[in-house]
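Structure file run_38.cif (mmCIF, C-alpha atoms) follows.
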data_start
#
loop_
_atom_site.label_atom_id
_atom_site.label_comp_id
_atom_site.auth_asym_id
_atom_site.auth_seq_id
_atom_site.Cartn_x
_atom_site.Cartn_y
_atom_site.Cartn_z
CA MET A 1 -3.74 -9.72 22.97
CA ALA A 2 -3.39 -13.45 22.30
CA HIS A 3 -0.86 -14.58 19.72
CA GLU A 4 -1.09 -17.76 17.67
CA THR A 5 1.77 -20.20 18.09
CA ALA A 6 3.50 -21.56 15.02
CA LEU A 7 3.50 -25.33 14.56
CA PRO A 8 7.20 -26.28 14.49
CA VAL A 9 6.93 -29.82 13.10
CA PRO A 10 7.08 -29.98 9.29
CA CYS A 11 4.59 -32.05 7.34
CA PRO A 12 6.54 -34.99 5.87
CA SER A 13 4.48 -35.00 2.65
CA LEU A 14 5.42 -31.40 1.78
CA PRO A 15 8.97 -30.15 1.06
CA ILE A 16 10.43 -27.39 3.20
CA GLU A 17 11.18 -24.36 1.00
CA PRO A 18 13.31 -21.34 2.01
CA LEU A 19 11.25 -18.16 2.08
CA GLY A 20 13.97 -15.51 1.79
CA ARG A 21 13.37 -11.95 3.04
CA GLY A 22 10.12 -10.00 3.22
CA ALA A 23 6.61 -10.43 4.60
CA LYS A 24 6.09 -14.17 5.12
CA TYR A 25 2.54 -14.30 3.86
CA ARG A 26 3.52 -12.63 0.57
CA LEU A 27 6.48 -14.99 0.10
CA ILE A 28 4.32 -18.03 0.75
CA ALA A 29 1.66 -16.75 -1.65
CA LYS A 30 4.36 -16.25 -4.28
CA ALA A 31 5.70 -19.79 -3.77
CA ILE A 32 2.21 -21.28 -4.21
CA GLU A 33 1.55 -19.06 -7.21
CA SER A 34 4.76 -20.27 -8.85
CA ALA A 35 3.67 -23.87 -8.24
CA ILE A 36 0.28 -23.17 -9.86
CA VAL A 37 1.87 -21.50 -12.90
CA ALA A 38 4.33 -24.41 -13.21
CA GLY A 39 1.42 -26.85 -13.26
CA LYS A 40 2.11 -28.52 -9.90
CA TYR A 41 -1.46 -27.64 -8.88
CA ARG A 42 -4.09 -27.90 -11.62
CA PRO A 43 -7.40 -26.01 -11.91
CA GLY A 44 -9.89 -27.53 -9.50
CA GLU A 45 -7.21 -29.19 -7.39
CA ARG A 46 -7.22 -28.69 -3.61
CA LEU A 47 -4.26 -26.81 -2.13
CA PRO A 48 -2.55 -27.69 1.18
CA SER A 49 -4.65 -26.72 4.18
CA GLU A 50 -3.77 -23.87 6.52
CA ARG A 51 -2.58 -26.44 9.05
CA GLU A 52 -0.32 -28.09 6.48
CA LEU A 53 1.14 -24.72 5.51
CA CYS A 54 1.76 -23.96 9.19
CA MET A 55 3.66 -27.21 9.57
CA GLN A 56 5.59 -26.74 6.33
CA TYR A 57 6.76 -23.20 6.95
CA ALA A 58 6.59 -22.98 10.78
CA ILE A 59 4.14 -20.09 10.63
CA THR A 60 0.92 -19.11 12.40
CA LYS A 61 -2.55 -19.81 11.07
CA MET A 62 -3.03 -16.07 10.58
CA THR A 63 -0.01 -15.92 8.24
CA ALA A 64 -1.29 -18.91 6.26
CA ARG A 65 -4.73 -17.30 6.04
CA GLN A 66 -3.21 -14.03 4.78
CA ALA A 67 -1.25 -15.92 2.10
CA MET A 68 -4.41 -17.62 0.88
CA GLY A 69 -6.16 -14.25 0.93
CA VAL A 70 -3.55 -12.80 -1.45
CA LEU A 71 -4.06 -15.75 -3.83
CA GLU A 72 -7.83 -15.41 -3.65
CA GLU A 73 -7.65 -11.66 -4.27
CA GLY A 74 -5.53 -12.37 -7.34
CA GLY A 75 -8.13 -14.76 -8.74
CA LEU A 76 -5.88 -17.83 -8.47
CA VAL A 77 -7.87 -19.72 -5.84
CA THR A 78 -11.30 -19.96 -4.25
CA ARG A 79 -11.94 -20.89 -0.63
CA GLN A 80 -14.92 -23.12 0.15
CA GLN A 81 -16.19 -23.31 3.71
CA GLY A 82 -15.55 -26.72 5.21
CA ARG A 83 -13.88 -28.10 2.07
CA GLY A 84 -10.65 -26.19 1.56
CA THR A 85 -8.92 -23.95 -0.99
CA PHE A 86 -9.01 -24.85 -4.68
CA VAL A 87 -7.19 -23.60 -7.78
CA THR A 88 -9.56 -21.73 -10.06
CA LEU A 89 -9.78 -21.76 -13.83
CA SER A 90 -9.21 -17.99 -13.89
CA GLY A 91 -5.76 -18.28 -12.34
CA VAL A 92 -3.89 -18.86 -15.59
CA SER A 93 -0.34 -18.36 -16.72
CA PRO A 94 0.50 -15.90 -19.50
CA ALA A 95 0.77 -18.76 -21.99
CA ARG A 96 -2.97 -19.38 -21.48
CA GLY A 97 -4.12 -15.86 -20.61
CA ASN A 98 -5.79 -13.61 -23.16
CA GLY A 99 -3.80 -10.46 -22.34
CA ALA A 100 -4.67 -7.28 -24.19
CA PRO A 101 -7.07 -8.18 -27.04
CA SER A 102 -5.04 -6.07 -29.47
CA GLY A 103 -1.77 -7.73 -28.52
CA ARG A 104 -0.29 -4.29 -27.93
CA PRO A 105 1.62 -3.47 -24.72
CA VAL A 106 0.34 -1.36 -21.84
CA CYS A 107 2.41 1.67 -20.86
CA LEU A 108 3.25 2.33 -17.20
CA LEU A 109 4.06 5.95 -16.37
CA GLY A 110 5.42 7.58 -13.22
CA LEU A 111 6.95 4.64 -11.32
CA SER A 112 10.56 5.14 -12.32
CA ARG A 113 13.30 5.04 -9.72
CA PRO A 114 13.20 8.39 -7.83
CA ASN A 115 16.22 10.68 -8.04
CA ASP A 116 16.54 10.79 -4.25
CA THR A 117 16.81 7.00 -3.84
CA PRO A 118 20.27 7.11 -2.17
CA ARG A 119 18.85 9.43 0.52
CA ASP A 120 15.37 8.00 0.68
CA PRO A 121 15.36 4.23 0.09
CA VAL A 122 11.94 3.98 1.78
CA ASN A 123 10.36 5.99 -1.04
CA TRP A 124 11.80 3.54 -3.52
CA GLN A 125 10.62 0.59 -1.40
CA VAL A 126 7.06 1.96 -1.54
CA ARG A 127 7.23 2.36 -5.31
CA LEU A 128 8.79 -1.08 -5.74
CA LEU A 129 5.96 -2.87 -3.90
CA LEU A 130 3.42 -1.13 -6.11
CA PHE A 131 5.46 -2.01 -9.21
CA GLN A 132 5.65 -5.67 -8.15
CA GLY A 133 1.87 -5.89 -7.83
CA ILE A 134 1.44 -4.40 -11.31
CA VAL A 135 4.00 -6.68 -12.96
CA GLU A 136 2.80 -9.87 -11.27
CA MET A 137 -0.86 -9.37 -12.19
CA ALA A 138 0.13 -8.42 -15.73
CA PHE A 139 2.15 -11.66 -15.88
CA ARG A 140 -0.87 -13.69 -14.79
CA LEU A 141 -3.14 -12.05 -17.36
CA GLY A 142 -0.65 -12.16 -20.24
CA ILE A 143 -0.31 -8.38 -20.50
CA THR A 144 2.99 -6.89 -21.63
CA ILE A 145 4.04 -3.85 -19.58
CA GLU A 146 6.33 -1.15 -20.96
CA THR A 147 7.63 1.74 -18.88
CA ASP A 148 7.69 5.40 -19.92
CA PRO A 149 8.64 5.63 -23.64
CA HIS A 150 10.33 9.00 -22.95
CA SER A 151 7.98 11.02 -25.12
CA GLU A 152 8.71 14.72 -25.13
CA ARG A 153 6.63 16.19 -22.34
CA GLY A 154 7.09 19.71 -23.63
CA ALA A 155 5.75 18.80 -27.06
CA ARG A 156 2.33 19.75 -28.34
CA THR A 157 -0.63 17.73 -27.14
CA GLU A 158 -1.10 15.89 -30.43
CA GLN A 159 2.57 14.87 -30.49
CA VAL A 160 2.40 13.42 -26.99
CA VAL A 161 -0.86 11.64 -27.78
CA ASN A 162 0.67 10.14 -30.93
CA SER A 163 3.59 8.79 -28.89
CA PHE A 164 1.14 6.55 -26.98
CA ARG A 165 -0.91 5.31 -29.95
CA ARG A 166 0.92 1.98 -30.08
CA HIS A 167 -0.13 1.16 -26.52
CA ALA A 168 -3.35 -0.66 -25.64
CA GLY A 169 -3.79 1.40 -22.48
CA LEU A 170 -1.98 3.46 -19.83
CA ILE A 171 -1.37 3.00 -16.11
CA LEU A 172 -0.62 6.34 -14.45
CA HIS A 173 1.22 7.11 -11.24
CA ASP A 174 1.92 10.72 -10.24
CA GLU A 175 0.97 13.69 -12.38
CA VAL A 176 3.22 12.96 -15.36
CA LEU A 177 0.78 13.92 -18.13
CA PRO A 178 -1.24 17.15 -18.50
CA GLU A 179 -5.01 16.95 -18.37
CA ALA A 180 -5.29 17.94 -22.04
CA VAL A 181 -3.32 14.83 -23.06
CA LEU A 182 -5.41 12.59 -20.81
CA GLY A 183 -8.61 14.05 -22.25
CA ALA A 184 -7.42 13.48 -25.80
CA LEU A 185 -6.44 9.87 -25.08
CA HIS A 186 -9.77 9.22 -23.39
CA GLY A 187 -11.55 10.69 -26.40
CA LEU A 188 -9.74 8.15 -28.58
CA GLY A 189 -11.04 5.34 -26.38
CA VAL A 190 -7.68 4.53 -24.76
CA PRO A 191 -8.19 2.89 -21.31
CA LEU A 192 -6.59 4.99 -18.56
CA VAL A 193 -6.23 3.82 -14.96
CA ALA A 194 -4.55 6.05 -12.36
CA ILE A 195 -3.19 5.03 -8.96
CA ASN A 196 -4.06 7.41 -6.10
CA SER A 197 -3.26 10.43 -8.24
CA TYR A 198 -5.35 12.40 -10.77
CA ARG A 199 -7.97 12.71 -8.06
CA ASP A 200 -9.79 15.54 -9.81
CA VAL A 201 -9.39 14.30 -13.39
CA THR A 202 -12.62 12.78 -14.69
CA CYS A 203 -11.31 11.05 -17.81
CA ALA A 204 -9.28 8.32 -16.05
CA SER A 205 -10.44 5.45 -13.90
CA ARG A 206 -8.80 5.39 -10.48
CA VAL A 207 -7.66 2.84 -7.94
CA GLU A 208 -7.39 4.60 -4.61
CA VAL A 209 -6.11 3.43 -1.26
CA ASP A 210 -8.46 4.58 1.51
CA MET A 211 -5.86 6.87 3.04
CA ARG A 212 -8.45 8.99 4.82
CA GLY A 213 -10.00 5.93 6.43
CA GLY A 214 -6.58 4.55 7.35
CA THR A 215 -5.64 7.80 9.06
CA LEU A 216 -8.95 7.85 10.90
CA MET A 217 -8.21 4.35 12.26
CA ALA A 218 -4.76 5.43 13.46
CA VAL A 219 -5.92 8.58 15.25
CA ARG A 220 -8.94 6.76 16.69
CA HIS A 221 -6.54 4.17 18.11
CA LEU A 222 -4.64 6.92 19.95
CA ILE A 223 -7.85 8.53 21.19
CA GLU A 224 -9.16 5.21 22.49
CA LEU A 225 -5.87 4.71 24.35
CA GLY A 226 -6.67 7.94 26.19
CA HIS A 227 -4.66 10.57 24.27
CA ARG A 228 -6.22 13.98 23.83
CA ARG A 229 -3.31 16.10 22.57
CA ILE A 230 -2.44 14.33 19.34
CA ALA A 231 -0.10 16.10 16.93
CA LEU A 232 0.11 15.54 13.17
CA ILE A 233 3.23 15.75 10.99
CA VAL A 234 2.01 15.77 7.39
CA GLY A 235 3.30 16.58 3.92
CA ASP A 236 2.13 19.24 1.49
CA PRO A 237 -1.70 19.42 1.71
CA GLY A 238 -1.67 20.58 -1.90
CA ARG A 239 -1.07 16.94 -2.84
CA TRP A 240 -4.15 14.76 -2.85
CA HIS A 241 -2.76 11.91 -0.74
CA MET A 242 -1.63 14.31 1.99
CA ARG A 243 -5.04 16.02 1.99
CA GLN A 244 -6.54 12.61 2.67
CA ARG A 245 -4.34 12.13 5.72
CA LEU A 246 -5.17 15.60 7.04
CA GLY A 247 -8.86 14.94 6.42
CA GLY A 248 -8.75 11.62 8.28
CA TYR A 249 -7.03 13.29 11.23
CA ARG A 250 -9.75 15.94 11.43
CA ASP A 251 -12.47 13.31 11.00
CA ALA A 252 -11.22 11.32 13.99
CA LEU A 253 -11.08 14.38 16.22
CA ALA A 254 -14.58 15.46 15.20
CA ILE A 255 -16.08 11.99 15.74
CA HIS A 256 -14.71 11.94 19.29
CA GLY A 257 -15.64 15.53 20.07
CA LEU A 258 -12.07 16.82 20.26
CA PRO A 259 -11.15 20.29 18.98
CA TYR A 260 -8.90 20.75 15.97
CA ASP A 261 -5.81 22.64 17.16
CA GLU A 262 -3.91 24.01 14.17
CA SER A 263 -0.81 24.56 16.33
CA LEU A 264 -0.49 20.76 16.68
CA VAL A 265 -0.25 20.30 12.89
CA VAL A 266 3.21 20.59 11.32
CA ILE A 267 3.49 20.76 7.52
CA GLU A 268 6.69 18.97 6.53
CA PRO A 269 6.74 18.45 2.74
CA ARG A 270 9.99 16.53 2.12
CA GLY A 271 9.40 13.38 4.16
CA PHE A 272 13.00 12.56 5.09
CA ARG A 273 13.67 11.08 8.51
CA GLU A 274 15.65 14.11 9.67
CA ASP A 275 12.74 16.37 8.71
CA GLY A 276 10.36 14.28 10.77
CA ALA A 277 12.80 14.57 13.66
CA ALA A 278 12.97 18.37 13.32
CA ALA A 279 9.18 18.65 13.26
CA ALA A 280 8.91 16.43 16.34
CA ARG A 281 11.51 18.48 18.25
CA ALA A 282 9.46 21.63 17.68
CA LEU A 283 6.33 19.92 18.99
CA LEU A 284 8.04 18.32 21.98
CA ALA A 285 9.77 21.55 23.03
CA ARG A 286 6.38 23.10 23.81
CA PRO A 287 5.37 23.40 27.49
CA ASP A 288 2.05 21.75 26.56
CA ARG A 289 3.63 19.14 24.36
CA PRO A 290 1.48 16.42 22.78
CA THR A 291 1.32 12.94 24.28
CA ALA A 292 1.01 11.34 20.83
CA ILE A 293 2.18 12.07 17.29
CA PHE A 294 0.69 10.66 14.10
CA THR A 295 2.85 11.12 11.02
CA ALA A 296 2.00 10.86 7.32
CA SER A 297 4.78 8.33 6.70
CA ASP A 298 6.94 5.82 8.53
CA ASN A 299 10.02 7.88 7.63
CA ARG A 300 8.67 10.86 9.54
CA ALA A 301 7.57 8.63 12.43
CA LEU A 302 11.00 7.03 12.80
CA GLY A 303 12.52 10.52 12.85
CA ALA A 304 10.03 11.54 15.54
CA ILE A 305 11.02 8.54 17.69
CA GLU A 306 14.70 9.38 17.33
CA ALA A 307 14.07 13.02 18.32
CA ALA A 308 12.02 12.01 21.36
CA GLN A 309 14.65 9.58 22.55
CA GLU A 310 17.40 12.18 22.13
CA MET A 311 15.32 14.56 24.28
CA GLY A 312 14.94 11.92 26.98
CA ILE A 313 11.25 11.29 26.21
CA ALA A 314 10.50 7.58 26.35
CA VAL A 315 8.46 5.96 23.57
CA PRO A 316 5.75 4.85 24.23
CA ALA A 317 5.73 5.53 28.01
CA ALA A 318 5.80 9.33 27.60
CA LEU A 319 4.99 9.67 23.90
CA SER A 320 3.11 7.43 21.47
CA VAL A 321 4.10 7.56 17.81
CA VAL A 322 2.13 6.11 14.88
CA GLY A 323 3.31 6.03 11.26
CA PHE A 324 1.87 5.34 7.83
CA ASP A 325 2.96 2.77 5.18
CA ASP A 326 4.21 -0.26 7.19
CA THR A 327 7.68 -0.41 5.64
CA GLU A 328 10.30 -2.98 6.64
CA GLU A 329 12.06 -0.30 8.68
CA SER A 330 8.95 0.18 10.81
CA GLN A 331 9.03 -3.46 11.89
CA ALA A 332 12.74 -3.33 12.81
CA ALA A 333 12.52 -0.03 14.74
CA SER A 334 13.06 0.18 18.50
CA PRO A 335 10.32 0.11 19.60
CA PRO A 336 8.59 -1.47 16.59
CA LEU A 337 6.35 1.13 14.98
CA THR A 338 2.57 1.08 15.16
CA THR A 339 1.56 2.07 11.65
CA VAL A 340 -1.13 1.99 8.96
CA HIS A 341 -0.48 -0.80 6.48
CA ASN A 342 -0.46 0.56 2.94
CA PRO A 343 -1.64 -2.24 0.57
CA LEU A 344 0.74 -1.27 -2.21
CA TYR A 345 1.17 -4.72 -3.74
CA GLU A 346 -2.58 -5.31 -3.73
CA THR A 347 -3.20 -1.85 -5.22
CA GLY A 348 -0.89 -2.62 -8.13
CA MET A 349 -2.74 -5.87 -8.77
CA GLU A 350 -6.15 -4.19 -8.61
CA THR A 351 -4.99 -1.53 -11.10
CA VAL A 352 -4.10 -4.14 -13.72
CA ARG A 353 -7.35 -6.03 -13.10
CA MET A 354 -9.33 -2.84 -13.76
CA LEU A 355 -7.36 -2.08 -16.92
CA HIS A 356 -7.73 -5.67 -18.13
CA HIS A 357 -11.50 -5.44 -17.73
CA GLN A 358 -11.57 -2.29 -19.82
CA LEU A 359 -9.37 -3.85 -22.50
CA ALA A 360 -11.55 -6.96 -22.67
CA SER A 361 -14.93 -5.22 -22.52
CA GLY A 362 -14.16 -2.02 -24.43
CA GLU A 363 -15.78 -0.04 -21.59
CA VAL A 364 -13.63 2.99 -20.76
CA ASN A 365 -16.07 5.01 -18.68
CA PRO A 366 -14.13 6.23 -15.62
CA GLN A 367 -14.67 4.22 -12.45
CA VAL A 368 -13.22 4.37 -8.94
CA ARG A 369 -12.20 1.41 -6.80
CA VAL A 370 -11.12 1.89 -3.20
CA VAL A 371 -8.64 -0.45 -1.50
CA PRO A 372 -9.04 -0.59 2.30
CA MET A 373 -6.19 -0.10 4.78
CA ARG A 374 -5.57 -1.69 8.17
CA LEU A 375 -3.84 -0.66 11.38
CA VAL A 376 -0.84 -2.67 12.60
CA ILE A 377 -0.43 -2.18 16.34
CA ARG A 378 3.11 -2.65 17.63
CA GLY A 379 5.19 -1.27 20.48
CA SER A 380 5.31 2.47 19.78
CA SER A 381 1.80 3.27 21.06
CA SER A 382 0.30 2.89 24.52
CA ALA A 383 -1.96 4.72 26.95
CA PRO A 384 -0.53 8.02 28.22
CA ALA A 385 1.22 7.94 31.60
CA THR A 386 -1.60 9.96 33.12
CA ARG A 387 -4.94 9.48 31.39
CA GLN A 388 -6.25 12.84 30.22
CA GLU A 389 -9.75 14.11 30.65
CA GLY A 390 -11.51 15.27 27.56
#

What does the file become when written as structure tokens?
Amino acid sequence: MAHETALPVPCPSLPIEPLGRGAKYRLIAKAIESAIVAGKYRPGERLPSERELCMQYAITKMTARQAMGVLEEGGLVTRQQGRGTFVTLSGVSPARGNGAPSGRPVCLLGLSRPNDTPRDPVNWQVRLLLFQGIVEMAFRLGITIETDPHSERGARTEQVVNSFRRHAGLILHDEVLPEAVLGALHGLGVPLVAINSYRDVTCASRVEVDMRGGTLMAVRHLIELGHRRIALIVGDPGRWHMRQRLGGYRDALAIHGLPYDESLVVIEPRGFREDGAAAARALLARPDRPTAIFTASDNRALGAIEAAQEMGIAVPAALSVVGFDDTEESQAASPPLTTVHNPLYETGMETVRMLHHQLASGEVNPQVRVVPMRLVIRGSSSAPATRQEG
């Protein structure tokens, strides 16, 4: 696969700015966004070209293009073929944004710091990226976000509903409110937007990452490499997002005419790295061990790589491993982890956009928006040592 080469010479008309840590395209998008909000670039003004950004930051054209894509997705810029990228009138700072028409804050539920953060920093990293997308889009649109007001969850429905009356709308993550409360709030005309959860609740709009499609891409990648015995390490199928991963795995097998072998599926509900390692050891100890493992999270995948290496099984020469989420740890792993990129930041932004539309229009009929995923191919997947027939 060809790789673009960064242009190392800086453009003398643009200042060099330190990017800090994190995905480069997101950091560059944030730097440009800050310049727009500060008034350095006015509505209708042309932004630096991809080539100029490459020279300024010593990046590839693909990275520059991804940064502009983030800005375009956020409504801050428009790209015109053959002319360039221009600041739009809709990309406004909070001082000019219209926010919630009522002026009341929006309540965000279910994204608090998890209790197991010291043991599972990846889980917190995932939540933090989602939180950042929510907060940044709210900032652009002039919406005030408040976190859980600590209403008494064991109280009667009407008491819980009353505790949210001062909010213009609710953003929901995880099943933190009973369906009766959600139904009552919806009946009062309160906009409700849920992220990935509440799959079967009909009174809340939903922004969903296409986890099933992302899993299908990952397993298809392994099949196209030549793998036929592909194991799955997945969390509790009783949870919607894990059912999506299991469904995508089965879809990929069916599309390629491969049988579903239940013995190759390990249910591992906790998601810690050591649990992924234990599940992988059980699979790799079999006489007919799999040649590839897809896991429902990067944590589990990194544990599977560690277990394989401890057992003397080389990754990817003797075992391919693919994860799910695209965390920072997956990029730094040895070998770097092939994984499904989870668009958490973009999902948070899309959630606030949907809520803002409902606040502005008064339309609270439940809708569903699906955010696509993409596969990031790195060094942990390759063709099996001996291509299998199937």

_What's the separation between CA of Arg206 in chain A and CA of Thr351 in chain A, in Å to one decimal place?_
7.9 Å

Write out as a PDB file with C-alpha atoms, in the frame of the given file the residues lying within 12 Å of range 375-379 of chain A, counting all atoms listed in the file and excluding same-chain residues fewer than 5 positions away.
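Printed below is selection_1.pdb as written:
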ATOM      1  CA  MET A   1      -3.740  -9.720  22.970  1.00  0.00           C
ATOM      2  CA  MET A 211      -5.860   6.870   3.040  1.00  0.00           C
ATOM      3  CA  GLY A 213     -10.000   5.930   6.430  1.00  0.00           C
ATOM      4  CA  GLY A 214      -6.580   4.550   7.350  1.00  0.00           C
ATOM      5  CA  THR A 215      -5.640   7.800   9.060  1.00  0.00           C
ATOM      6  CA  LEU A 216      -8.950   7.850  10.900  1.00  0.00           C
ATOM      7  CA  MET A 217      -8.210   4.350  12.260  1.00  0.00           C
ATOM      8  CA  ALA A 218      -4.760   5.430  13.460  1.00  0.00           C
ATOM      9  CA  VAL A 219      -5.920   8.580  15.250  1.00  0.00           C
ATOM     10  CA  ARG A 220      -8.940   6.760  16.690  1.00  0.00           C
ATOM     11  CA  HIS A 221      -6.540   4.170  18.110  1.00  0.00           C
ATOM     12  CA  LEU A 222      -4.640   6.920  19.950  1.00  0.00           C
ATOM     13  CA  LEU A 225      -5.870   4.710  24.350  1.00  0.00           C
ATOM     14  CA  ILE A 305      11.020   8.540  17.690  1.00  0.00           C
ATOM     15  CA  ALA A 314      10.500   7.580  26.350  1.00  0.00           C
ATOM     16  CA  VAL A 315       8.460   5.960  23.570  1.00  0.00           C
ATOM     17  CA  PRO A 316       5.750   4.850  24.230  1.00  0.00           C
ATOM     18  CA  ALA A 317       5.730   5.530  28.010  1.00  0.00           C
ATOM     19  CA  LEU A 319       4.990   9.670  23.900  1.00  0.00           C
ATOM     20  CA  SER A 320       3.110   7.430  21.470  1.00  0.00           C
ATOM     21  CA  VAL A 321       4.100   7.560  17.810  1.00  0.00           C
ATOM     22  CA  VAL A 322       2.130   6.110  14.880  1.00  0.00           C
ATOM     23  CA  GLY A 323       3.310   6.030  11.260  1.00  0.00           C
ATOM     24  CA  PHE A 324       1.870   5.340   7.830  1.00  0.00           C
ATOM     25  CA  ASP A 325       2.960   2.770   5.180  1.00  0.00           C
ATOM     26  CA  ASP A 326       4.210  -0.260   7.190  1.00  0.00           C
ATOM     27  CA  THR A 327       7.680  -0.410   5.640  1.00  0.00           C
ATOM     28  CA  SER A 330       8.950   0.180  10.810  1.00  0.00           C
ATOM     29  CA  GLN A 331       9.030  -3.460  11.890  1.00  0.00           C
ATOM     30  CA  ALA A 332      12.740  -3.330  12.810  1.00  0.00           C
ATOM     31  CA  ALA A 333      12.520  -0.030  14.740  1.00  0.00           C
ATOM     32  CA  SER A 334      13.060   0.180  18.500  1.00  0.00           C
ATOM     33  CA  PRO A 335      10.320   0.110  19.600  1.00  0.00           C
ATOM     34  CA  PRO A 336       8.590  -1.470  16.590  1.00  0.00           C
ATOM     35  CA  LEU A 337       6.350   1.130  14.980  1.00  0.00           C
ATOM     36  CA  THR A 338       2.570   1.080  15.160  1.00  0.00           C
ATOM     37  CA  THR A 339       1.560   2.070  11.650  1.00  0.00           C
ATOM     38  CA  VAL A 340      -1.130   1.990   8.960  1.00  0.00           C
ATOM     39  CA  HIS A 341      -0.480  -0.800   6.480  1.00  0.00           C
ATOM     40  CA  ASN A 342      -0.460   0.560   2.940  1.00  0.00           C
ATOM     41  CA  PRO A 343      -1.640  -2.240   0.570  1.00  0.00           C
TER      42      PRO A 343
END

*If the PyMOL selection byres ((chain A and resi 363) around 12) is run on the structure shown, which residues does it catch, given as an NGL selection string?*
:A and (186 or 189-192 or 204-205 or 354-362 or 364-367)

Exactly which residues make up the result of the PyMOL selection byres ((chain A and resi 255) around 12) on this file, given as a PDB file with C-alpha atoms, in the coordinates of the input?
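Here's the written file expr.pdb:
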ATOM      1  CA  LEU A 216      -8.950   7.850  10.900  1.00  0.00           C
ATOM      2  CA  MET A 217      -8.210   4.350  12.260  1.00  0.00           C
ATOM      3  CA  VAL A 219      -5.920   8.580  15.250  1.00  0.00           C
ATOM      4  CA  ARG A 220      -8.940   6.760  16.690  1.00  0.00           C
ATOM      5  CA  ILE A 223      -7.850   8.530  21.190  1.00  0.00           C
ATOM      6  CA  GLU A 224      -9.160   5.210  22.490  1.00  0.00           C
ATOM      7  CA  GLY A 248      -8.750  11.620   8.280  1.00  0.00           C
ATOM      8  CA  TYR A 249      -7.030  13.290  11.230  1.00  0.00           C
ATOM      9  CA  ARG A 250      -9.750  15.940  11.430  1.00  0.00           C
ATOM     10  CA  ASP A 251     -12.470  13.310  11.000  1.00  0.00           C
ATOM     11  CA  ALA A 252     -11.220  11.320  13.990  1.00  0.00           C
ATOM     12  CA  LEU A 253     -11.080  14.380  16.220  1.00  0.00           C
ATOM     13  CA  ALA A 254     -14.580  15.460  15.200  1.00  0.00           C
ATOM     14  CA  HIS A 256     -14.710  11.940  19.290  1.00  0.00           C
ATOM     15  CA  GLY A 257     -15.640  15.530  20.070  1.00  0.00           C
ATOM     16  CA  LEU A 258     -12.070  16.820  20.260  1.00  0.00           C
ATOM     17  CA  PRO A 259     -11.150  20.290  18.980  1.00  0.00           C
ATOM     18  CA  TYR A 260      -8.900  20.750  15.970  1.00  0.00           C
TER      19      TYR A 260
END

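Across the structure, CA of Gly238 in chain A and CA of Ser381 in chain A are spaced 29.0 Å apart.
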
Given the file above and the PyMOL selection byres ((chain A and resi 237) around 12), which residues are selected, and can you give them as a short mmCIF file (atom, residue, chain, number, x, y, z; two decimals) with C-alpha atoms, in the frame of the given file?
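Once everything was written out, this is selection_7.cif:
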data_model
loop_
_atom_site.label_atom_id
_atom_site.label_comp_id
_atom_site.auth_asym_id
_atom_site.auth_seq_id
_atom_site.Cartn_x
_atom_site.Cartn_y
_atom_site.Cartn_z
CA ILE A 233 3.23 15.75 10.99
CA VAL A 234 2.01 15.77 7.39
CA GLY A 235 3.30 16.58 3.92
CA ASP A 236 2.13 19.24 1.49
CA GLY A 238 -1.67 20.58 -1.90
CA ARG A 239 -1.07 16.94 -2.84
CA TRP A 240 -4.15 14.76 -2.85
CA HIS A 241 -2.76 11.91 -0.74
CA MET A 242 -1.63 14.31 1.99
CA ARG A 243 -5.04 16.02 1.99
CA GLN A 244 -6.54 12.61 2.67
CA ARG A 245 -4.34 12.13 5.72
CA LEU A 246 -5.17 15.60 7.04
CA GLY A 247 -8.86 14.94 6.42
CA VAL A 265 -0.25 20.30 12.89
CA VAL A 266 3.21 20.59 11.32
CA ILE A 267 3.49 20.76 7.52
CA GLU A 268 6.69 18.97 6.53
CA PRO A 269 6.74 18.45 2.74
CA ALA A 296 2.00 10.86 7.32
#

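Every protein or nucleic acid residue with an atom no more than 9 Å from Phe164 in chain A, counting only C-alpha atoms and leaving out same-chain residues fewer than 3 positions away, appears here: A:Cys107, A:Pro149, A:Ser151, A:Val160, A:Val161, A:His167, A:Ala168, A:Gly169, A:Leu170, A:Leu185.
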
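Straight-line separation from CA of Gly75 in chain A to CA of Leu111 in chain A: 24.7 Å.
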